[in-house]
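S.K.: The file below is input.cif, mmCIF, C-alpha atoms:
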data_model
loop_
_atom_site.group_PDB
_atom_site.id
_atom_site.type_symbol
_atom_site.label_atom_id
_atom_site.label_comp_id
_atom_site.auth_asym_id
_atom_site.auth_seq_id
_atom_site.Cartn_x
_atom_site.Cartn_y
_atom_site.Cartn_z
ATOM 1 C CA MET J 1 0.000 0.000 0.000
ATOM 2 C CA PHE J 2 1.249 3.485 -0.807
ATOM 3 C CA ALA J 3 2.487 5.358 2.299
ATOM 4 C CA PRO J 4 3.454 9.018 1.740
ATOM 5 C CA SER J 5 6.372 10.364 3.714
ATOM 6 C CA PRO J 6 5.869 13.226 6.259
ATOM 7 C CA ILE J 7 7.759 15.602 3.963
ATOM 8 C CA ARG J 8 5.471 14.758 1.044
ATOM 9 C CA LEU J 9 2.402 15.182 3.253
ATOM 10 C CA ALA J 10 3.536 18.700 4.101
ATOM 11 C CA MET J 11 3.705 19.756 0.453
ATOM 12 C CA PRO J 12 0.606 21.734 -0.652
ATOM 13 C CA GLY J 13 0.726 20.284 -4.146
ATOM 14 C CA PHE J 14 0.328 16.778 -2.724
ATOM 15 C CA TRP J 15 -3.034 17.601 -1.114
ATOM 16 C CA ARG J 16 -4.237 19.520 -4.166
ATOM 17 C CA ARG J 17 -3.469 16.548 -6.398
ATOM 18 C CA SER J 18 -5.124 14.218 -3.880
ATOM 19 C CA MET J 19 -8.318 16.285 -3.825
ATOM 20 C CA ASP J 20 -8.392 16.477 -7.623
ATOM 21 C CA GLU J 21 -7.998 12.711 -7.856
ATOM 22 C CA PHE J 22 -10.687 12.170 -5.206
ATOM 23 C CA ARG J 23 -13.115 14.360 -7.150
ATOM 24 C CA ARG J 24 -12.305 12.513 -10.378
ATOM 25 C CA GLN J 25 -12.880 9.077 -8.859
ATOM 26 C CA ALA J 26 -16.031 10.247 -7.071
ATOM 27 C CA ASN J 27 -17.409 11.625 -10.334
ATOM 28 C CA ILE J 28 -16.749 8.298 -12.066
ATOM 29 C CA ALA J 29 -18.588 6.453 -9.292
ATOM 30 C CA MET J 30 -21.539 8.890 -9.166
ATOM 31 C CA THR J 31 -22.081 8.960 -12.929
ATOM 32 C CA PHE J 32 -21.451 5.230 -13.506
ATOM 33 C CA GLN J 33 -18.868 6.042 -16.171
ATOM 34 C CA GLY J 34 -17.522 2.505 -16.053
ATOM 35 C CA MET J 35 -20.900 1.140 -17.157
ATOM 36 C CA HIS J 36 -21.053 2.813 -20.569
ATOM 37 C CA THR J 37 -18.846 4.107 -23.347
ATOM 38 C CA PRO J 38 -17.910 7.759 -22.716
ATOM 39 C CA GLY J 39 -19.248 10.202 -25.257
ATOM 40 C CA LYS J 40 -17.110 13.151 -24.206
ATOM 41 C CA ALA J 41 -13.423 13.472 -24.980
ATOM 42 C CA TYR J 42 -10.862 13.034 -22.197
ATOM 43 C CA PRO J 43 -8.178 15.779 -22.333
ATOM 44 C CA LEU J 44 -4.615 14.612 -21.706
ATOM 45 C CA MET J 45 -2.810 17.857 -22.547
ATOM 46 C CA GLN J 46 -4.275 21.243 -23.436
ATOM 47 C CA PHE J 47 -1.881 24.029 -24.343
ATOM 48 C CA ASP J 48 -4.257 26.801 -23.271
ATOM 49 C CA SER J 49 -2.081 28.671 -20.745
ATOM 50 C CA PRO J 50 1.581 29.703 -20.397
ATOM 51 C CA ALA J 51 2.091 27.140 -17.611
ATOM 52 C CA CYS J 52 1.274 24.202 -19.913
ATOM 53 C CA ALA J 53 4.577 24.319 -21.789
ATOM 54 C CA GLY J 54 6.381 23.990 -18.461
ATOM 55 C CA GLN J 55 4.502 20.759 -17.791
ATOM 56 C CA CYS J 56 6.457 19.100 -20.593
ATOM 57 C CA LYS J 57 10.019 17.839 -20.717
ATOM 58 C CA ILE J 58 12.105 18.758 -23.787
ATOM 59 C CA MET J 59 14.670 16.265 -25.079
ATOM 60 C CA SER J 60 17.217 16.313 -27.906
ATOM 61 C CA ASP J 61 20.594 14.837 -28.729
ATOM 62 C CA GLN J 62 22.066 18.086 -27.391
ATOM 63 C CA THR J 63 20.660 17.520 -23.903
ATOM 64 C CA THR J 64 21.205 13.747 -24.006
ATOM 65 C CA PHE J 65 24.810 13.344 -25.135
ATOM 66 C CA GLY J 66 26.067 16.727 -26.316
ATOM 67 C CA GLY J 67 24.824 16.681 -29.910
ATOM 68 C CA PHE J 68 23.883 19.734 -31.919
ATOM 69 C CA SER J 69 20.106 19.487 -32.415
ATOM 70 C CA SER J 70 18.055 22.126 -30.628
ATOM 71 C CA ALA J 71 14.415 22.178 -29.536
ATOM 72 C CA THR J 72 12.025 24.461 -27.655
ATOM 73 C CA LEU J 73 8.355 24.343 -26.698
ATOM 74 C CA ASP J 74 6.776 27.801 -26.480
ATOM 75 C CA TYR J 75 3.244 28.869 -25.634
ATOM 76 C CA VAL J 76 1.309 30.965 -28.162
ATOM 77 C CA PRO J 77 -1.914 32.547 -26.825
ATOM 78 C CA GLY J 78 -5.157 32.302 -28.741
ATOM 79 C CA ALA J 79 -6.528 35.335 -30.527
ATOM 80 C CA LYS J 80 -9.190 36.015 -27.895
ATOM 81 C CA HIS J 81 -6.520 36.122 -25.221
ATOM 82 C CA ARG J 82 -4.296 38.334 -27.396
ATOM 83 C CA GLU J 83 -7.213 40.679 -28.017
ATOM 84 C CA HIS J 84 -7.717 41.029 -24.268
ATOM 85 C CA GLU J 85 -4.010 41.673 -23.755
ATOM 86 C CA GLY J 86 -4.070 44.354 -26.483
ATOM 87 C CA ARG J 87 -6.819 46.315 -24.781
ATOM 88 C CA VAL J 88 -5.144 46.103 -21.373
ATOM 89 C CA ILE J 89 -1.623 46.920 -22.469
ATOM 90 C CA GLY J 90 -2.424 49.438 -25.199
ATOM 91 C CA GLY J 91 -5.221 51.196 -23.323
ATOM 92 C CA ALA J 92 -8.533 52.425 -24.700
ATOM 93 C CA GLY J 93 -8.844 52.285 -28.448
ATOM 94 C CA ALA J 94 -5.711 50.169 -28.879
ATOM 95 C CA GLY J 95 -7.759 47.399 -30.519
ATOM 96 C CA PRO J 96 -6.849 43.708 -30.737
ATOM 97 C CA VAL J 97 -3.283 42.532 -31.183
ATOM 98 C CA SER J 98 -4.505 40.023 -33.765
ATOM 99 C CA ALA J 99 -7.659 39.547 -35.786
ATOM 100 C CA GLU J 100 -7.430 35.762 -35.355
ATOM 101 C CA LEU J 101 -10.101 34.041 -33.317
ATOM 102 C CA ASP J 102 -10.007 30.686 -31.609
ATOM 103 C CA GLY J 103 -10.035 27.304 -33.341
ATOM 104 C CA SER J 104 -13.829 26.997 -33.283
ATOM 105 C CA ALA J 105 -14.011 29.580 -36.078
ATOM 106 C CA GLY J 106 -11.463 27.693 -38.161
ATOM 107 C CA ARG J 107 -8.602 29.893 -37.004
ATOM 108 C CA PRO J 108 -5.635 29.121 -34.759
ATOM 109 C CA PRO J 109 -6.433 28.375 -31.100
ATOM 110 C CA ALA J 110 -4.066 28.798 -28.178
ATOM 111 C CA HIS J 111 -1.261 26.305 -28.699
ATOM 112 C CA ALA J 112 2.363 25.368 -28.148
ATOM 113 C CA VAL J 113 5.039 25.523 -30.840
ATOM 114 C CA PHE J 114 7.585 22.717 -30.843
ATOM 115 C CA LYS J 115 10.434 23.957 -32.991
ATOM 116 C CA GLY J 116 14.172 23.898 -33.432
ATOM 117 C CA SER J 117 16.770 22.458 -35.770
ATOM 118 C CA ILE J 118 17.997 18.920 -36.421
ATOM 119 C CA SER J 119 21.705 18.245 -36.823
ATOM 120 C CA THR J 120 23.285 14.867 -37.502
ATOM 121 C CA GLU J 121 26.760 16.095 -36.543
ATOM 122 C CA LEU J 122 28.395 13.841 -33.967
ATOM 123 C CA PRO J 123 30.066 15.269 -30.854
ATOM 124 C CA SER J 124 33.851 15.024 -31.151
ATOM 125 C CA ASN J 125 34.301 14.004 -27.496
ATOM 126 C CA ARG J 126 31.905 11.033 -27.597
ATOM 127 C CA SER J 127 33.373 8.146 -29.565
ATOM 128 C CA ASP J 128 30.576 5.875 -28.331
ATOM 129 C CA VAL J 129 27.898 7.914 -30.153
ATOM 130 C CA GLN J 130 27.298 6.595 -33.673
ATOM 131 C CA ARG J 131 23.994 8.323 -34.571
ATOM 132 C CA SER J 132 22.562 11.736 -33.852
ATOM 133 C CA GLY J 133 19.707 13.981 -34.905
ATOM 134 C CA PHE J 134 16.543 13.824 -32.793
ATOM 135 C CA ALA J 135 14.268 16.066 -30.739
ATOM 136 C CA ALA J 136 11.180 15.300 -28.673
ATOM 137 C CA PHE J 137 8.979 16.366 -25.808
ATOM 138 C CA ARG J 138 6.682 14.534 -23.407
ATOM 139 C CA THR J 139 4.427 15.385 -20.507
ATOM 140 C CA ARG J 140 6.166 15.346 -17.144
ATOM 141 C CA ASP J 141 5.163 12.874 -14.450
ATOM 142 C CA ARG J 142 1.952 14.083 -12.829
ATOM 143 C CA GLY J 143 3.242 13.395 -9.331
ATOM 144 C CA ILE J 144 2.029 11.456 -6.288
ATOM 145 C CA SER J 145 -1.296 11.750 -4.516
ATOM 146 C CA LEU J 146 -2.880 10.087 -1.508
ATOM 147 C CA PHE J 147 -4.079 7.412 -3.946
ATOM 148 C CA GLY J 148 -0.616 6.704 -5.362
ATOM 149 C CA ARG J 149 1.067 7.751 -8.597
ATOM 150 C CA LEU J 150 -1.201 9.817 -10.831
ATOM 151 C CA LEU J 151 -1.718 8.069 -14.160
ATOM 152 C CA TRP J 152 -4.221 8.433 -16.990
ATOM 153 C CA ASP J 153 -6.824 5.720 -17.410
ATOM 154 C CA ILE J 154 -7.826 5.863 -21.079
ATOM 155 C CA ASP J 155 -9.090 2.289 -21.273
ATOM 156 C CA PRO J 156 -12.699 3.377 -22.048
ATOM 157 C CA TYR J 157 -11.475 5.163 -25.185
ATOM 158 C CA ALA J 158 -10.547 3.795 -28.600
ATOM 159 C CA TYR J 159 -8.617 6.670 -30.182
ATOM 160 C CA LEU J 160 -6.007 9.319 -29.514
ATOM 161 C CA ALA J 161 -6.701 12.670 -31.194
ATOM 162 C CA LEU J 162 -4.435 15.689 -31.653
ATOM 163 C CA ARG J 163 -5.121 19.181 -32.996
ATOM 164 C CA ILE J 164 -1.978 20.131 -34.876
ATOM 165 C CA LYS J 165 -0.434 22.236 -37.601
ATOM 166 C CA SER J 166 2.535 20.390 -39.038
ATOM 167 C CA ASP J 167 5.364 21.308 -41.367
ATOM 168 C CA GLY J 168 5.010 17.877 -42.968
ATOM 169 C CA ARG J 169 8.019 16.193 -41.371
ATOM 170 C CA LYS J 170 7.797 12.665 -39.923
ATOM 171 C CA TYR J 171 6.890 13.095 -36.266
ATOM 172 C CA TYR J 172 6.023 10.196 -33.986
ATOM 173 C CA VAL J 173 3.437 10.114 -31.212
ATOM 174 C CA ASN J 174 4.824 8.447 -28.079
ATOM 175 C CA ILE J 175 2.827 6.902 -25.228
ATOM 176 C CA GLN J 176 4.563 5.536 -22.126
ATOM 177 C CA THR J 177 2.744 3.286 -19.662
ATOM 178 C CA GLU J 178 3.564 1.726 -16.296
ATOM 179 C CA SER J 179 4.704 -1.473 -17.979
ATOM 180 C CA ILE J 180 7.120 -4.058 -16.643
ATOM 181 C CA VAL J 181 9.812 -2.696 -18.974
ATOM 182 C CA PRO J 182 9.996 1.050 -18.190
ATOM 183 C CA THR J 183 11.843 1.873 -21.433
ATOM 184 C CA ASP J 184 9.039 0.461 -23.611
ATOM 185 C CA ILE J 185 7.184 3.149 -25.575
ATOM 186 C CA HIS J 186 4.162 2.737 -27.833
ATOM 187 C CA GLN J 187 4.631 4.753 -31.004
ATOM 188 C CA HIS J 188 2.785 5.701 -34.174
ATOM 189 C CA LEU J 189 3.600 8.029 -37.029
ATOM 190 C CA LEU J 190 1.753 11.341 -36.619
ATOM 191 C CA PRO J 191 -0.676 11.586 -39.553
ATOM 192 C CA CYS J 192 -0.529 14.820 -41.532
ATOM 193 C CA TYR J 193 -2.956 15.463 -44.383
ATOM 194 C CA THR J 194 -2.768 19.264 -44.752
ATOM 195 C CA PRO J 195 0.735 20.561 -43.916
ATOM 196 C CA GLY J 196 0.719 24.214 -42.927
ATOM 197 C CA GLN J 197 -2.951 24.101 -41.861
ATOM 198 C CA TRP J 198 -4.717 23.250 -38.616
ATOM 199 C CA GLU J 199 -6.265 19.795 -38.558
ATOM 200 C CA THR J 200 -7.415 17.140 -36.108
ATOM 201 C CA VAL J 201 -5.775 13.746 -36.587
ATOM 202 C CA THR J 202 -6.987 10.559 -34.924
ATOM 203 C CA ILE J 203 -5.092 7.319 -34.265
ATOM 204 C CA PRO J 204 -6.594 4.071 -32.916
ATOM 205 C CA PHE J 205 -4.815 2.931 -29.768
ATOM 206 C CA SER J 206 -4.730 -0.548 -31.325
ATOM 207 C CA ALA J 207 -2.502 0.782 -34.131
ATOM 208 C CA PHE J 208 0.358 1.841 -31.834
ATOM 209 C CA VAL J 209 3.535 -0.230 -31.984
ATOM 210 C CA ARG J 210 5.475 -1.274 -28.891
ATOM 211 C CA THR J 211 9.118 -0.207 -29.216
ATOM 212 C CA ASN J 212 12.241 -0.038 -27.095
ATOM 213 C CA TYR J 213 14.812 2.645 -27.974
ATOM 214 C CA GLY J 214 13.110 3.029 -31.345
ATOM 215 C CA MET J 215 13.214 -0.669 -32.238
ATOM 216 C CA VAL J 216 10.079 -2.796 -32.635
ATOM 217 C CA VAL J 217 9.652 -5.224 -29.737
ATOM 218 C CA GLU J 218 8.337 -8.729 -30.316
ATOM 219 C CA PRO J 219 5.946 -10.085 -29.350
ATOM 220 C CA GLN J 220 3.678 -7.079 -29.682
ATOM 221 C CA LYS J 221 1.422 -6.650 -26.650
ATOM 222 C CA GLU J 222 -1.681 -4.551 -26.136
ATOM 223 C CA MET J 223 -1.048 -1.157 -24.602
ATOM 224 C CA LEU J 224 -1.727 -0.910 -20.860
ATOM 225 C CA ARG J 225 -4.262 1.868 -21.308
ATOM 226 C CA GLN J 226 -5.342 1.802 -17.671
ATOM 227 C CA LYS J 227 -1.963 3.202 -16.602
ATOM 228 C CA VAL J 228 -0.652 5.795 -19.050
ATOM 229 C CA ARG J 229 2.288 7.723 -17.662
ATOM 230 C CA SER J 230 3.063 10.256 -20.407
ATOM 231 C CA VAL J 231 2.298 11.297 -23.964
ATOM 232 C CA GLY J 232 4.555 13.199 -26.310
ATOM 233 C CA LEU J 233 5.853 13.808 -29.805
ATOM 234 C CA GLY J 234 9.266 13.268 -31.341
ATOM 235 C CA LEU J 235 11.167 13.888 -34.563
ATOM 236 C CA THR J 236 13.676 11.218 -35.534
ATOM 237 C CA ASP J 237 13.863 11.465 -39.328
ATOM 238 C CA ARG J 238 17.503 12.638 -39.058
ATOM 239 C CA VAL J 239 16.994 15.207 -41.821
ATOM 240 C CA PRO J 240 19.158 18.261 -41.021
ATOM 241 C CA GLY J 241 17.357 21.578 -40.879
ATOM 242 C CA PRO J 242 14.640 23.489 -39.031
ATOM 243 C CA PHE J 243 11.338 22.012 -37.903
ATOM 244 C CA GLU J 244 8.115 23.436 -36.471
ATOM 245 C CA LEU J 245 5.027 21.680 -35.160
ATOM 246 C CA CYS J 246 2.062 23.444 -33.503
ATOM 247 C CA ILE J 247 -0.042 21.502 -30.974
ATOM 248 C CA ALA J 248 -3.284 22.769 -29.450
ATOM 249 C CA ASP J 249 -4.330 19.715 -27.469
ATOM 250 C CA ILE J 250 -4.070 15.953 -27.106
ATOM 251 C CA TYR J 251 -7.035 13.905 -25.934
ATOM 252 C CA ALA J 252 -8.596 10.448 -25.840
ATOM 253 C CA THR J 253 -11.877 10.009 -27.671
ATOM 254 C CA ASN J 254 -14.368 7.488 -29.006
ATOM 255 C CA ARG J 255 -15.172 9.512 -32.104
ATOM 256 C CA ALA J 256 -14.048 7.516 -35.120
ATOM 257 C CA PRO J 257 -11.632 9.264 -37.513
ATOM 258 C CA SER J 258 -12.703 10.492 -40.916
ATOM 259 C CA ARG J 259 -9.628 8.787 -42.384
ATOM 260 C CA GLU J 260 -8.720 5.257 -41.389
ATOM 261 C CA VAL J 261 -5.311 4.861 -39.779
ATOM 262 C CA GLY J 262 -3.926 1.467 -38.848
ATOM 263 C CA ARG J 263 -0.858 -0.531 -38.011
ATOM 264 C CA GLU J 264 0.266 -0.402 -41.641
ATOM 265 C CA ASP J 265 0.499 3.408 -41.330
ATOM 266 C CA SER J 266 2.544 3.305 -38.138
ATOM 267 C CA GLY J 267 5.826 4.202 -39.830
ATOM 268 C CA PHE J 268 7.424 0.884 -38.842
ATOM 269 C CA GLU J 269 8.204 -2.070 -41.071
ATOM 270 C CA PHE J 270 7.289 -5.529 -39.846
ATOM 271 C CA ASP J 271 8.941 -8.775 -40.832
ATOM 272 C CA GLU J 272 6.774 -11.576 -42.159
ATOM 273 C CA PRO J 273 5.877 -13.909 -39.266
ATOM 274 C CA GLU J 274 7.780 -17.162 -39.183
ATOM 275 C CA LYS J 275 5.683 -20.209 -39.980
ATOM 276 C CA THR J 276 6.277 -22.504 -37.042
ATOM 277 C CA GLY J 277 2.798 -23.959 -36.502
ATOM 278 C CA MET J 278 2.004 -27.612 -37.082
ATOM 279 C CA MET J 279 -0.513 -26.826 -39.814
ATOM 280 C CA ASP J 280 2.132 -24.865 -41.703
ATOM 281 C CA GLU J 281 4.368 -27.906 -41.733
ATOM 282 C CA MET J 282 1.576 -30.277 -42.762
ATOM 283 C CA GLU J 283 0.110 -28.079 -45.470
ATOM 284 C CA PRO J 284 2.706 -26.448 -47.738
ATOM 285 C CA ARG J 285 1.654 -23.557 -49.955
ATOM 286 C CA ARG J 286 -0.320 -24.799 -52.968
ATOM 287 C CA ARG J 287 1.265 -24.157 -56.392
ATOM 288 C CA LYS J 288 -0.687 -22.469 -59.161
ATOM 289 C CA GLY J 289 -2.986 -24.984 -60.863
ATOM 290 C CA GLU J 290 -2.462 -27.626 -58.181
ATOM 291 C CA PRO J 291 -5.710 -29.121 -56.822
ATOM 292 C CA GLU J 292 -6.689 -28.283 -53.256
ATOM 293 C CA ARG J 293 -5.702 -30.803 -50.610
ATOM 294 C CA ILE J 294 -8.215 -31.606 -47.911
ATOM 295 C CA LEU J 295 -6.839 -32.572 -44.508
ATOM 296 C CA ILE J 296 -8.905 -34.897 -42.321
#
Can you turn what I pasted into structure tokens?
M.R.:
Amino acid sequence: MFAPSPIRLAMPGFWRRSMDEFRRQANIAMTFQGMHTPGKAYPLMQFDSPACAGQCKIMSDQTTFGGFSSATLDYVPGAKHREHEGRVIGGAGAGPVSAELDGSAGRPPAHAVFKGSISTELPSNRSDVQRSGFAAFRTRDRGISLFGRLLWDIDPYAYLALRIKSDGRKYYVNIQTESIVPTDIHQHLLPCYTPGQWETVTIPFSAFVRTNYGMVVEPQKEMLRQKVRSVGLGLTDRVPGPFELCIADIYATNRAPSREVGREDSGFEFDEPEKTGMMDEMEPRRRKGEPERILI
């Protein structure tokens, strides 16, 4: 059983998280959410305030082993918020800073910009490094509450959705769970149908591929959706040059996508399964024109 230390009990954030978790669990029990399929989306990350960017951890080869790729995650306020700021800062008659409205009108919402530059140059003082050129971010651990480690339970949902504006490069969506192997990450190529424009992309959780340090892990196992630790995005195409990806929010949903995305679109190549079953040995592949054999 989880037993918080006296120091942790004295931290105000611990009790705030505990109360938030208590309210969440009480709401599930009172509304019988476990008895039906949720119709509303479940937000995992919403970049709607300046503090949200600080809730993410930025990673690159520069921070990992002294490479030369750079990455930042910066908050960009929505137009409504910028309009408010323009009136306050500029005074009466200053007017809005921008004519853009929020995403509901088909215009950019408040979001975070993940941008930087990829370099494949190797650090001269690290002979053990053979490859370079990546950048990524993920949500930070949500902390500990009176009920234990705070994790997302997205088991009632079938899809992960993201509102993005991409530059068209090959980004990957990363989901980390409380699995037995902590370095396992479920990944899928981030779909992009309209580069340079805002769009909502949807990926079935069943299409994610279990990987370890970027390599496909066999056998593939179903994602532990009851205990999701973090979500994030990464760029590992190793193409030198600048990149920029805008993200408004990431959420779990049961709304089916308008475009089908599956395991074949994951960005990973799978080897043909080895035929080791008894029936494979008994029944070799039939040649063209050969009559069908019936096994009894």
S.K.: Go through J:Asp155, J:Asp249, J:Asp61, J:Glu178 and flag the residue nearest Phe205 (chain J), using all atoms listed in the file for the distances.
M.R.: J:Asp155
S.K.: Starting from the displayed file, determine the output of the PyMOL selection byres ((chain J and resi 183) around 8) and express the residue list as a ChimeraX atom specification.
M.R.: /J:181-182,184-185,212-213
S.K.: Would you save the residues from that selection as a CSV table (one decimal), in the frame of the given file, using C-alpha atoms?
M.R.:
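And here is the file that came out, again14.csv:
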chain,number,residue,atom,x,y,z
J,181,VAL,CA,9.8,-2.7,-19.0
J,182,PRO,CA,10.0,1.0,-18.2
J,184,ASP,CA,9.0,0.5,-23.6
J,185,ILE,CA,7.2,3.1,-25.6
J,212,ASN,CA,12.2,0.0,-27.1
J,213,TYR,CA,14.8,2.6,-28.0
S.K.: From the options J:Ala135, J:Gln197, J:Pro204, J:Cys192, which residue's atoms come nearest to Thr253 (chain J), counting all atoms listed in the file?
M.R.: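 Answer, going by the shortest atom-to-atom distance: J:Pro204.
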S.K.: Interatomic distance between CA of Gln130 (chain J) and CA of Glu218 (chain J)?
M.R.: 24.6 Å
S.K.: Which is closest to Pro43 (chain J) among J:Ile58, J:Ile175, J:Leu189, J:Ala252, if we use only C-alpha atoms?
M.R.: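 With only C-alpha atoms as the atom set, the closest residue is J:Ala252.
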